[in-house]
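Undergrad: Have a peek at my_file13.pdb (PDB, C-alpha atoms (C1' of nucleotides)).
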ATOM      1  CA  MET A 232     202.523  10.741  90.959
ATOM      2  CA  GLU A 233     201.106  11.854  94.304
ATOM      3  CA  LYS A 234     200.217   9.146  96.749
ATOM      4  CA  SER A 235     196.668   9.067  98.068
ATOM      5  CA  LYS A 236     196.097   9.571 101.776
ATOM      6  CA  LYS A 237     194.954   5.977 102.006
ATOM      7  CA  GLU A 238     198.154   4.738 100.476
ATOM      8  CA  LYS A 239     200.251   6.842 102.828
ATOM      9  CA  LEU A 240     198.432   5.511 105.858
ATOM     10  CA  LYS A 241     198.850   2.001 104.555
ATOM     11  CA  ASN A 242     202.583   2.495 104.223
ATOM     12  CA  ALA A 243     202.631   3.796 107.795
ATOM     13  CA  GLY A 244     201.255   0.478 108.963
ATOM     14  CA  TRP A 245     197.555   1.257 108.951
ATOM     15  CA  ASN A 246     195.019  -0.782 107.160
ATOM     16  CA  VAL A 247     192.356   1.585 105.895
ATOM     17  CA  GLY A 248     189.103   0.350 104.471
ATOM     18  CA  SER A 249     185.960  -1.535 105.271
ATOM     19  CA  VAL A 250     185.459  -3.702 108.309
ATOM     20  CA  ALA A 251     186.014  -6.664 106.022
ATOM     21  CA  ASP A 252     189.358  -5.246 104.935
ATOM     22  CA  PHE A 253     190.263  -4.597 108.535
ATOM     23  CA  LEU A 254     189.592  -8.184 109.450
ATOM     24  CA  ASN A 255     191.431  -9.370 106.322
ATOM     25  CA  LEU A 256     188.394 -11.151 104.983
ATOM     26  CA  SER A 257     188.362 -12.484 101.460
ATOM     27  CA  ASN A 258     185.352 -11.836  99.264
ATOM     28  CA  GLU A 259     184.334 -15.401  99.882
ATOM     29  CA  GLU A 260     184.458 -15.080 103.652
ATOM     30  CA  THR A 261     182.621 -11.783 103.422
ATOM     31  CA  ALA A 262     179.787 -13.262 101.382
ATOM     32  CA  ILE A 263     179.377 -16.175 103.767
ATOM     33  CA  ILE A 264     179.354 -13.902 106.796
ATOM     34  CA  GLU A 265     176.820 -11.586 105.157
ATOM     35  CA  LEU A 266     174.664 -14.617 104.458
ATOM     36  CA  ARG A 267     174.967 -16.066 107.959
ATOM     37  CA  LEU A 268     174.097 -12.734 109.474
ATOM     38  CA  ALA A 269     170.978 -12.290 107.346
ATOM     39  CA  LEU A 270     169.763 -15.785 108.157
ATOM     40  CA  SER A 271     170.418 -15.616 111.888
ATOM     41  CA  GLU A 272     168.664 -12.274 112.104
ATOM     42  CA  GLY A 273     165.817 -13.836 110.167
ATOM     43  CA  VAL A 274     165.384 -16.536 112.785
ATOM     44  CA  LYS A 275     165.517 -14.048 115.598
ATOM     45  CA  ASN A 276     163.040 -11.699 113.925
ATOM     46  CA  ILE A 277     160.581 -14.505 113.375
ATOM     47  CA  ARG A 278     160.781 -15.607 116.983
ATOM     48  CA  ILE A 279     160.324 -12.055 118.247
ATOM     49  CA  GLN A 280     157.398 -11.441 115.881
ATOM     50  CA  SER A 281     155.879 -14.650 117.191
ATOM     51  CA  ASN A 282     156.147 -13.435 120.788
ATOM     52  CA  MET A 283     158.048 -16.504 121.891
ATOM     53  CA  THR A 284     160.948 -17.054 124.265
ATOM     54  CA  GLN A 285     164.091 -18.810 123.103
ATOM     55  CA  THR A 286     163.113 -21.814 125.203
ATOM     56  CA  GLY A 287     159.681 -22.057 123.613
ATOM     57  CA  PHE A 288     160.806 -21.424 120.082
ATOM     58  CA  ALA A 289     163.714 -23.840 120.485
ATOM     59  CA  SER A 290     161.375 -26.689 121.309
ATOM     60  CA  LYS A 291     159.239 -25.753 118.312
ATOM     61  CA  LEU A 292     162.389 -26.050 116.199
ATOM     62  CA  GLY A 293     163.399 -29.305 117.873
ATOM     63  CA  THR A 294     166.492 -27.996 119.585
ATOM     64  CA  SER A 295     167.629 -26.491 122.867
ATOM     65  CA  GLN A 296     167.516 -22.918 124.111
ATOM     66  CA  SER A 297     171.290 -22.705 124.158
ATOM     67  CA  ARG A 298     171.619 -23.779 120.554
ATOM     68  CA  LEU A 299     168.889 -21.396 119.440
ATOM     69  CA  ASN A 300     170.775 -18.640 121.188
ATOM     70  CA  LYS A 301     173.846 -19.562 119.147
ATOM     71  CA  ILE A 302     171.736 -19.684 115.984
ATOM     72  CA  GLU A 303     170.406 -16.185 116.596
ATOM     73  CA  ALA A 304     173.852 -14.918 117.511
ATOM     74  CA  GLY A 305     175.443 -16.309 114.359
ATOM     75  CA  ASP A 306     177.858 -18.315 116.490
ATOM     76  CA  ALA A 307     180.682 -20.022 114.621
ATOM     77  CA  SER A 308     179.492 -23.445 115.743
ATOM     78  CA  VAL A 309     176.305 -22.996 113.708
ATOM     79  CA  SER A 310     176.333 -24.068 110.082
ATOM     80  CA  LEU A 311     174.427 -22.543 107.179
ATOM     81  CA  ASP A 312     172.639 -25.869 107.169
ATOM     82  CA  LEU A 313     171.232 -25.337 110.641
ATOM     83  CA  LEU A 314     170.357 -21.715 109.925
ATOM     84  CA  ILE A 315     168.397 -22.638 106.819
ATOM     85  CA  LYS A 316     166.752 -25.638 108.451
ATOM     86  CA  SER A 317     165.678 -23.403 111.308
ATOM     87  CA  LEU A 318     163.942 -21.068 108.880
ATOM     88  CA  VAL A 319     162.262 -23.971 107.110
ATOM     89  CA  ARG A 320     161.094 -25.339 110.449
ATOM     90  CA  SER A 321     159.722 -21.883 111.197
ATOM     91  CA  GLY A 322     157.401 -22.423 108.250
ATOM     92  CA  LEU A 323     159.220 -20.449 105.577
ATOM     93  CA  ASN A 324     159.414 -21.646 102.000
ATOM     94  CA  VAL A 325     162.435 -21.336  99.742
ATOM     95  CA  THR A 326     161.300 -18.012  98.308
ATOM     96  CA  ASP A 327     160.956 -16.511 101.791
ATOM     97  CA  ILE A 328     164.453 -17.698 102.640
ATOM     98  CA  ALA A 329     165.895 -16.304  99.427
ATOM     99  CA  ASN A 330     164.300 -12.948 100.251
ATOM    100  CA  ILE A 331     165.753 -12.963 103.745
ATOM    101  CA  MET A 332     169.161 -13.803 102.311
ATOM    102  CA  VAL A 333     169.183 -10.680 100.188
ATOM    103  CA  GLY A 334     167.619  -8.518 102.897
ATOM    104  CA  LYS A 335     164.381  -8.055 100.987
ATOM    105  CA  GLU A 336     162.220  -9.242 103.828
ATOM    106  CA  LYS A 337     162.751  -9.305 107.576
ATOM    107  CA  VAL A 338     159.791 -11.499 108.424
ATOM    108  CA  PRO A 339     157.468 -13.025 105.815
ATOM    109  CA  SER A 340     153.936 -11.725 106.119
ATOM    110  CA  ASN A 341     152.452 -15.120 106.852
ATOM    111  CA  VAL A 342     154.327 -15.504 110.133
ATOM    112  CA  GLN A 343     152.035 -15.470 113.182
ATOM    113  CA  THR A 344     152.579 -12.365 115.287
ATOM    114  CA  ILE A 345     149.805 -13.288 117.773
TER     115      ILE A 345
ATOM    116  CA  MET B 300     128.847 -37.872 102.105
ATOM    117  CA  GLU B 301     130.458 -39.525  99.117
ATOM    118  CA  LYS B 302     134.104 -40.431  99.450
ATOM    119  CA  SER B 303     136.510 -39.069  96.868
ATOM    120  CA  LYS B 304     138.346 -41.491  94.599
ATOM    121  CA  LYS B 305     141.564 -40.547  96.298
ATOM    122  CA  GLU B 306     140.151 -41.392  99.678
ATOM    123  CA  LYS B 307     138.903 -44.729  98.448
ATOM    124  CA  LEU B 308     142.265 -45.649  97.007
ATOM    125  CA  LYS B 309     143.912 -44.599 100.226
ATOM    126  CA  ASN B 310     141.634 -46.863 102.228
ATOM    127  CA  ALA B 311     142.511 -49.679  99.848
ATOM    128  CA  GLY B 312     146.156 -49.283 100.810
ATOM    129  CA  TRP B 313     147.330 -46.943  98.080
ATOM    130  CA  ASN B 314     149.087 -43.724  98.747
ATOM    131  CA  VAL B 315     147.947 -41.277  96.083
ATOM    132  CA  GLY B 316     149.622 -37.941  95.629
ATOM    133  CA  SER B 317     152.845 -36.219  94.723
ATOM    134  CA  VAL B 318     156.240 -37.850  94.646
ATOM    135  CA  ALA B 319     156.870 -36.200  97.983
ATOM    136  CA  ASP B 320     153.750 -37.811  99.396
ATOM    137  CA  PHE B 321     154.808 -41.140  97.950
ATOM    138  CA  LEU B 322     158.139 -40.906  99.681
ATOM    139  CA  ASN B 323     156.448 -39.730 102.871
ATOM    140  CA  LEU B 324     158.348 -36.465 102.912
ATOM    141  CA  SER B 325     157.307 -33.707 105.251
ATOM    142  CA  ASN B 326     157.039 -30.175 103.950
ATOM    143  CA  GLU B 327     160.320 -29.459 105.668
ATOM    144  CA  GLU B 328     162.144 -32.308 103.980
ATOM    145  CA  THR B 329     160.600 -31.328 100.656
ATOM    146  CA  ALA B 330     161.785 -27.720 100.935
ATOM    147  CA  ILE B 331     165.308 -28.783 101.838
ATOM    148  CA  ILE B 332     165.476 -31.251  98.969
ATOM    149  CA  GLU B 333     164.155 -28.646  96.532
ATOM    150  CA  LEU B 334     166.836 -26.279  97.774
ATOM    151  CA  ARG B 335     169.650 -28.814  97.571
ATOM    152  CA  LEU B 336     168.631 -29.745  94.059
ATOM    153  CA  ALA B 337     168.585 -26.140  92.857
ATOM    154  CA  LEU B 338     172.000 -25.449  94.362
ATOM    155  CA  SER B 339     173.670 -28.609  93.109
ATOM    156  CA  GLU B 340     172.330 -27.995  89.620
ATOM    157  CA  GLY B 341     173.647 -24.460  89.925
ATOM    158  CA  VAL B 342     177.160 -25.709  90.556
ATOM    159  CA  LYS B 343     176.982 -28.159  87.696
ATOM    160  CA  ASN B 344     175.601 -25.555  85.288
ATOM    161  CA  ILE B 345     178.362 -23.131  86.145
ATOM    162  CA  ARG B 346     181.037 -25.737  85.584
ATOM    163  CA  ILE B 347     179.538 -26.790  82.261
ATOM    164  CA  GLN B 348     179.165 -23.173  81.116
ATOM    165  CA  SER B 349     182.813 -22.693  82.037
ATOM    166  CA  ASN B 350     183.848 -25.637  79.863
ATOM    167  CA  MET B 351     185.686 -27.339  82.681
ATOM    168  CA  THR B 352     186.009 -30.953  83.769
ATOM    169  CA  GLN B 353     185.099 -32.015  87.273
ATOM    170  CA  THR B 354     188.776 -32.466  88.031
ATOM    171  CA  GLY B 355     189.667 -28.969  86.897
ATOM    172  CA  PHE B 356     186.730 -27.253  88.522
ATOM    173  CA  ALA B 357     187.249 -29.206  91.737
ATOM    174  CA  SER B 358     190.746 -27.845  92.134
ATOM    175  CA  LYS B 359     189.434 -24.336  91.476
ATOM    176  CA  LEU B 360     186.972 -24.921  94.319
ATOM    177  CA  GLY B 361     189.647 -26.412  96.550
ATOM    178  CA  THR B 362     188.275 -29.914  96.671
ATOM    179  CA  SER B 363     188.551 -33.263  94.902
ATOM    180  CA  GLN B 364     186.866 -34.538  91.775
ATOM    181  CA  SER B 365     184.962 -37.158  93.714
ATOM    182  CA  ARG B 366     183.535 -34.649  96.127
ATOM    183  CA  LEU B 367     182.565 -32.279  93.334
ATOM    184  CA  ASN B 368     180.782 -35.180  91.703
ATOM    185  CA  LYS B 369     178.809 -35.660  94.918
ATOM    186  CA  ILE B 370     178.122 -31.932  95.115
ATOM    187  CA  GLU B 371     176.707 -31.907  91.592
ATOM    188  CA  ALA B 372     174.744 -35.072  92.245
ATOM    189  CA  GLY B 373     173.180 -33.709  95.421
ATOM    190  CA  ASP B 374     174.597 -36.644  97.365
ATOM    191  CA  ALA B 375     173.356 -36.990 100.929
ATOM    192  CA  SER B 376     176.873 -36.577 102.290
ATOM    193  CA  VAL B 377     176.961 -32.985 101.004
ATOM    194  CA  SER B 378     175.642 -30.240 103.259
ATOM    195  CA  LEU B 379     173.877 -27.043 102.266
ATOM    196  CA  ASP B 380     176.980 -25.394 103.643
ATOM    197  CA  LEU B 381     179.219 -27.018 101.068
ATOM    198  CA  LEU B 382     176.750 -26.368  98.246
ATOM    199  CA  ILE B 383     176.551 -22.677  99.075
ATOM    200  CA  LYS B 384     180.287 -22.347  99.631
ATOM    201  CA  SER B 385     180.863 -23.969  96.261
ATOM    202  CA  LEU B 386     178.725 -21.331  94.579
ATOM    203  CA  VAL B 387     180.493 -18.532  96.442
ATOM    204  CA  ARG B 388     183.855 -19.969  95.427
ATOM    205  CA  SER B 389     182.559 -20.011  91.855
ATOM    206  CA  GLY B 390     182.346 -16.250  92.133
ATOM    207  CA  LEU B 391     178.648 -15.806  92.814
ATOM    208  CA  ASN B 392     177.357 -13.218  95.234
ATOM    209  CA  VAL B 393     174.461 -13.693  97.632
ATOM    210  CA  THR B 394     171.914 -12.312  95.165
ATOM    211  CA  ASP B 395     173.020 -14.781  92.487
ATOM    212  CA  ILE B 396     172.673 -17.616  94.976
ATOM    213  CA  ALA B 397     169.231 -16.461  96.083
ATOM    214  CA  ASN B 398     168.162 -16.403  92.431
ATOM    215  CA  ILE B 399     169.462 -19.907  91.852
ATOM    216  CA  MET B 400     167.638 -21.081  94.964
ATOM    217  CA  VAL B 401     164.306 -19.982  93.574
ATOM    218  CA  GLY B 402     165.094 -21.140  90.047
ATOM    219  CA  LYS B 403     165.196 -17.619  88.650
ATOM    220  CA  GLU B 404     168.615 -18.033  87.146
ATOM    221  CA  LYS B 405     170.518 -21.090  85.977
ATOM    222  CA  VAL B 406     173.874 -19.414  85.542
ATOM    223  CA  PRO B 407     174.538 -15.748  86.376
ATOM    224  CA  SER B 408     175.449 -13.725  83.319
ATOM    225  CA  ASN B 409     178.872 -12.802  84.635
ATOM    226  CA  VAL B 410     180.113 -16.398  84.649
ATOM    227  CA  GLN B 411     182.862 -17.039  82.096
ATOM    228  CA  THR B 412     181.685 -19.318  79.331
ATOM    229  CA  ILE B 413     185.079 -19.106  77.529
TER     230      ILE B 413
ATOM    231  C1'  DT C 280     165.582  -5.058 146.518
ATOM    232  C1'  DG C 281     164.665  -9.760 145.500
ATOM    233  C1'  DT C 282     163.376 -13.215 142.548
ATOM    234  C1'  DA C 283     161.528 -15.183 138.528
ATOM    235  C1'  DA C 284     161.918 -15.229 133.600
ATOM    236  C1'  DC C 285     164.811 -14.981 130.029
ATOM    237  C1'  DT C 286     169.216 -14.910 127.410
ATOM    238  C1'  DA C 287     174.218 -15.953 127.010
ATOM    239  C1'  DT C 288     178.355 -18.919 127.486
ATOM    240  C1'  DG C 289     181.109 -23.141 128.092
ATOM    241  C1'  DT C 290     181.592 -27.928 127.471
ATOM    242  C1'  DC C 291     181.098 -32.598 125.617
ATOM    243  C1'  DG C 292     179.986 -37.245 123.525
ATOM    244  C1'  DA C 293     177.725 -38.571 119.442
ATOM    245  C1'  DA C 294     176.549 -37.781 114.843
ATOM    246  C1'  DT C 295     177.555 -35.784 110.510
ATOM    247  C1'  DC C 296     180.467 -33.843 106.928
ATOM    248  C1'  DT C 297     184.956 -33.257 104.630
ATOM    249  C1'  DG C 298     188.824 -33.900 101.393
ATOM    250  C1'  DA C 299     191.313 -37.508  99.803
ATOM    251  C1'  DT C 300     192.423 -41.904  97.674
ATOM    252  C1'  DA C 301     191.314 -45.876  95.052
ATOM    253  C1'  DT C 302     188.973 -47.749  91.569
ATOM    254  C1'  DA C 303     184.873 -48.805  88.669
ATOM    255  C1'  DA C 304     181.909 -47.271  85.027
ATOM    256  C1'  DT C 305     180.900 -44.457  81.205
ATOM    257  C1'  DT C 306     181.768 -41.311  77.433
ATOM    258  C1'  DT C 307     184.692 -39.449  73.795
ATOM    259  C1'  DA C 308     188.096 -39.500  70.236
ATOM    260  C1'  DT C 309     190.946 -41.974  67.057
TER     261       DT C 309
ATOM    262  C1'  DA D 217     187.412 -51.539  68.777
ATOM    263  C1'  DT D 218     190.187 -49.614  72.135
ATOM    264  C1'  DA D 219     192.784 -46.198  74.569
ATOM    265  C1'  DA D 220     192.232 -41.918  76.881
ATOM    266  C1'  DA D 221     189.507 -38.788  79.280
ATOM    267  C1'  DT D 222     185.904 -38.013  82.184
ATOM    268  C1'  DT D 223     182.454 -39.069  85.598
ATOM    269  C1'  DA D 224     180.615 -42.122  89.317
ATOM    270  C1'  DT D 225     180.992 -44.937  93.588
ATOM    271  C1'  DA D 226     183.045 -46.707  97.890
ATOM    272  C1'  DT D 227     185.524 -45.930 101.881
ATOM    273  C1'  DC D 228     187.798 -43.680 105.718
ATOM    274  C1'  DA D 229     190.363 -40.844 109.239
ATOM    275  C1'  DG D 230     190.108 -36.306 110.778
ATOM    276  C1'  DA D 231     187.377 -32.212 111.387
ATOM    277  C1'  DT D 232     183.162 -29.976 112.267
ATOM    278  C1'  DT D 233     178.567 -29.576 113.968
ATOM    279  C1'  DC D 234     174.881 -31.277 116.744
ATOM    280  C1'  DG D 235     171.594 -31.291 120.851
ATOM    281  C1'  DA D 236     171.917 -31.298 125.541
ATOM    282  C1'  DC D 237     173.223 -29.976 130.015
ATOM    283  C1'  DA D 238     175.069 -26.878 133.484
ATOM    284  C1'  DT D 239     175.473 -22.496 134.877
ATOM    285  C1'  DA D 240     176.410 -17.494 134.518
ATOM    286  C1'  DG D 241     174.628 -13.134 133.291
ATOM    287  C1'  DT D 242     170.793  -9.986 132.310
ATOM    288  C1'  DT D 243     166.181  -8.015 132.343
ATOM    289  C1'  DA D 244     161.473  -7.314 134.062
ATOM    290  C1'  DC D 245     158.446  -6.644 137.581
ATOM    291  C1'  DA D 246     156.309  -7.350 142.342
TER     292       DA D 246
END
Represent the supplied structure as structure tokens.
TA:
Amino acid sequence: MEKSKKEKLKNAGWNVGSVADFLNLSNEETAIIELRLALSEGVKNIRIQSNMTQTGFASKLGTSQSRLNKIEAGDASVSLDLLIKSLVRSGLNVTDIANIMVGKEKVPSNVQTI
Amino acid sequence: MEKSKKEKLKNAGWNVGSVADFLNLSNEETAIIELRLALSEGVKNIRIQSNMTQTGFASKLGTSQSRLNKIEAGDASVSLDLLIKSLVRSGLNVTDIANIMVGKEKVPSNVQTI
DNA sequence: TGTAACTATGTCGAATCTGATATAATTTAT
DNA sequence: ATAAATTATATCAGATTCGACATAGTTACA
């Protein structure tokens, strides 16, 4: 049976596939990263839509500018807990958050855009 | 203007309203608790549907029976992080988790029920 | 160009969360 | 009734996450 090109490359030492494959991520790690990314983008989008600086929005959320920066950047030191709490503090309800998680909604329509 | 009954009771020292009001929970705390409850029930439902004991399921999830018990009970020492990771380790994808969050789905249809 | 506003990065002590162990309480089966 | 299986509670040392601070880098605009 003829080897596929992918298989040949693999045998030659190359790892061909998705970014997740390349980084050797398990399905579990991939799902968590996908989730973190969606949530952190959600926070950033809401802040931008609200015409606020990180400093201003951070104080609204009860944290510092530097931590908000890490939240928006999906930094490893930020837990899913903090990401979700940030969205709740932004005024979102659970349904809004669920929609952001699955990429259905960037910014809920009830967010102030000034 | 005539005071409402609720207002009267309030002035008499009674706090009338929802359980959340009674416990003096902010909207934020309420949303987080709602979320935690939905997720912890999700984990428990999946385990039950899978006909597994806490001990068995815990080892599948890479944790101990006592911690899984706390996860399922929504214990305060369990973070949203751990709740969500538990669901991911149970084989759920982000959409499944979002559905559980909003109470749309108790147990995703692809979960083994033996 | 200069500088003010804003965002990004590094660090840290304190607080929180984790898996594990021990053991108590409850449920199930005989 | 009682032994076995299962679930619940308490505790703790180590790991992770937190807000805060300092400061570096970037962008906007006078």
Undergrad: Applied to the shown file, which residues does the PyMOL selection byres ((chain C) within 8 of (chain A)) return, written as an NGL selection string?
TA: :C and (285-287)
Undergrad: Take the selection from the previous step and output its residues with C-alpha atoms (C1' of nucleotides), as a CSV table (one decimal), in the frame of the given file.
TA:
chain,number,residue,atom,x,y,z
C,285,DC,C1',164.8,-15.0,130.0
C,286,DT,C1',169.2,-14.9,127.4
C,287,DA,C1',174.2,-16.0,127.0
Undergrad: Return as a VMD selection string the residues belonging to chain B that are within 10 Å of chain A, counting all atoms listed in the file.
TA: chain B and resid 326 to 331 333 to 334 378 to 402
Undergrad: With the PyMOL selection byres ((chain D) within 8 of (chain A)) as the selection, what would be picked from this file? Answer as a list in words, please.
TA: DT233, DG235 and DA236 of chain D
Undergrad: Need the axis-aligned box for segment 283-292 of chain A with 8 Å each side, so what are the centre and edges in Å to one decimal, as AutoDock Vina command-line options?
TA:
--center_x 161.1 --center_y -21.6 --center_z 120.7 --size_x 22.0 --size_y 26.2 --size_z 25.0
Undergrad: Run through the PyMOL selection byres ((chain C and resi 290) around 10) on the given coordinates and return the selected residues as a list in words.
TA: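 Residues picked by the PyMOL selection byres ((chain C and resi 290) around 10): DT288, DG289 and DC291 of chain C; DC237 and DA238 of chain D.
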Undergrad: When you draw a straight line from atom C1' of DT243 of chain D to atom CA of Gly273 of chain A, how long is it in Å?
TA: 22.9 Å
Undergrad: Quick one: residues within 10 Å of DT305 of chain C, all atoms listed in the file counted, chain neighbours fewer than 2 positions away excluded, as JSON, numbers by chain?
TA: {"C": [303, 307], "D": [222, 223, 224]}
Undergrad: Write a file of the selected residues as a PDB file, in the frame of the given file, keeping C-alpha atoms (C1' of nucleotides).
TA:
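The resulting again.pdb:
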ATOM      1  C1'  DA C 303     184.873 -48.805  88.669  1.00  0.00           C
ATOM      2  C1'  DT C 307     184.692 -39.449  73.795  1.00  0.00           C
TER       3       DT C 307
ATOM      4  C1'  DT D 222     185.904 -38.013  82.184  1.00  0.00           C
ATOM      5  C1'  DT D 223     182.454 -39.069  85.598  1.00  0.00           C
ATOM      6  C1'  DA D 224     180.615 -42.122  89.317  1.00  0.00           C
TER       7       DA D 224
END
Undergrad: So what do you get for atom CA of Asn344 of chain B versus atom CA of Phe356 of chain B, distance-wise?
TA: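 Computing the Euclidean distance for atom CA of Asn344 of chain B and atom CA of Phe356 of chain B yields 11.7 Å.
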Undergrad: Using all atoms listed in the file, tabulate the residues of segment 221-243 of chain D lying at most 9 Å from any atom of segment 295-298 of chain C, each with its closest atom pair and that distance in Å to one decimal, by chain and increasing residue number, as a Markdown table.
TA:
| residue | atom | partner | partner_atom | distance |
| --- | --- | --- | --- | --- |
| D:DG230 | C1' | C:DT297 | C1' | 8.6 |
| D:DA231 | C1' | C:DT297 | C1' | 7.3 |
| D:DT232 | C1' | C:DC296 | C1' | 7.1 |
| D:DT233 | C1' | C:DT295 | C1' | 7.2 |
| D:DC234 | C1' | C:DT295 | C1' | 8.1 |
Undergrad: Between atom C1' of DT309 of chain C and atom CA of Ile347 of chain B, what is the distance in Å, rounded to a tenth?
TA: 24.3 Å
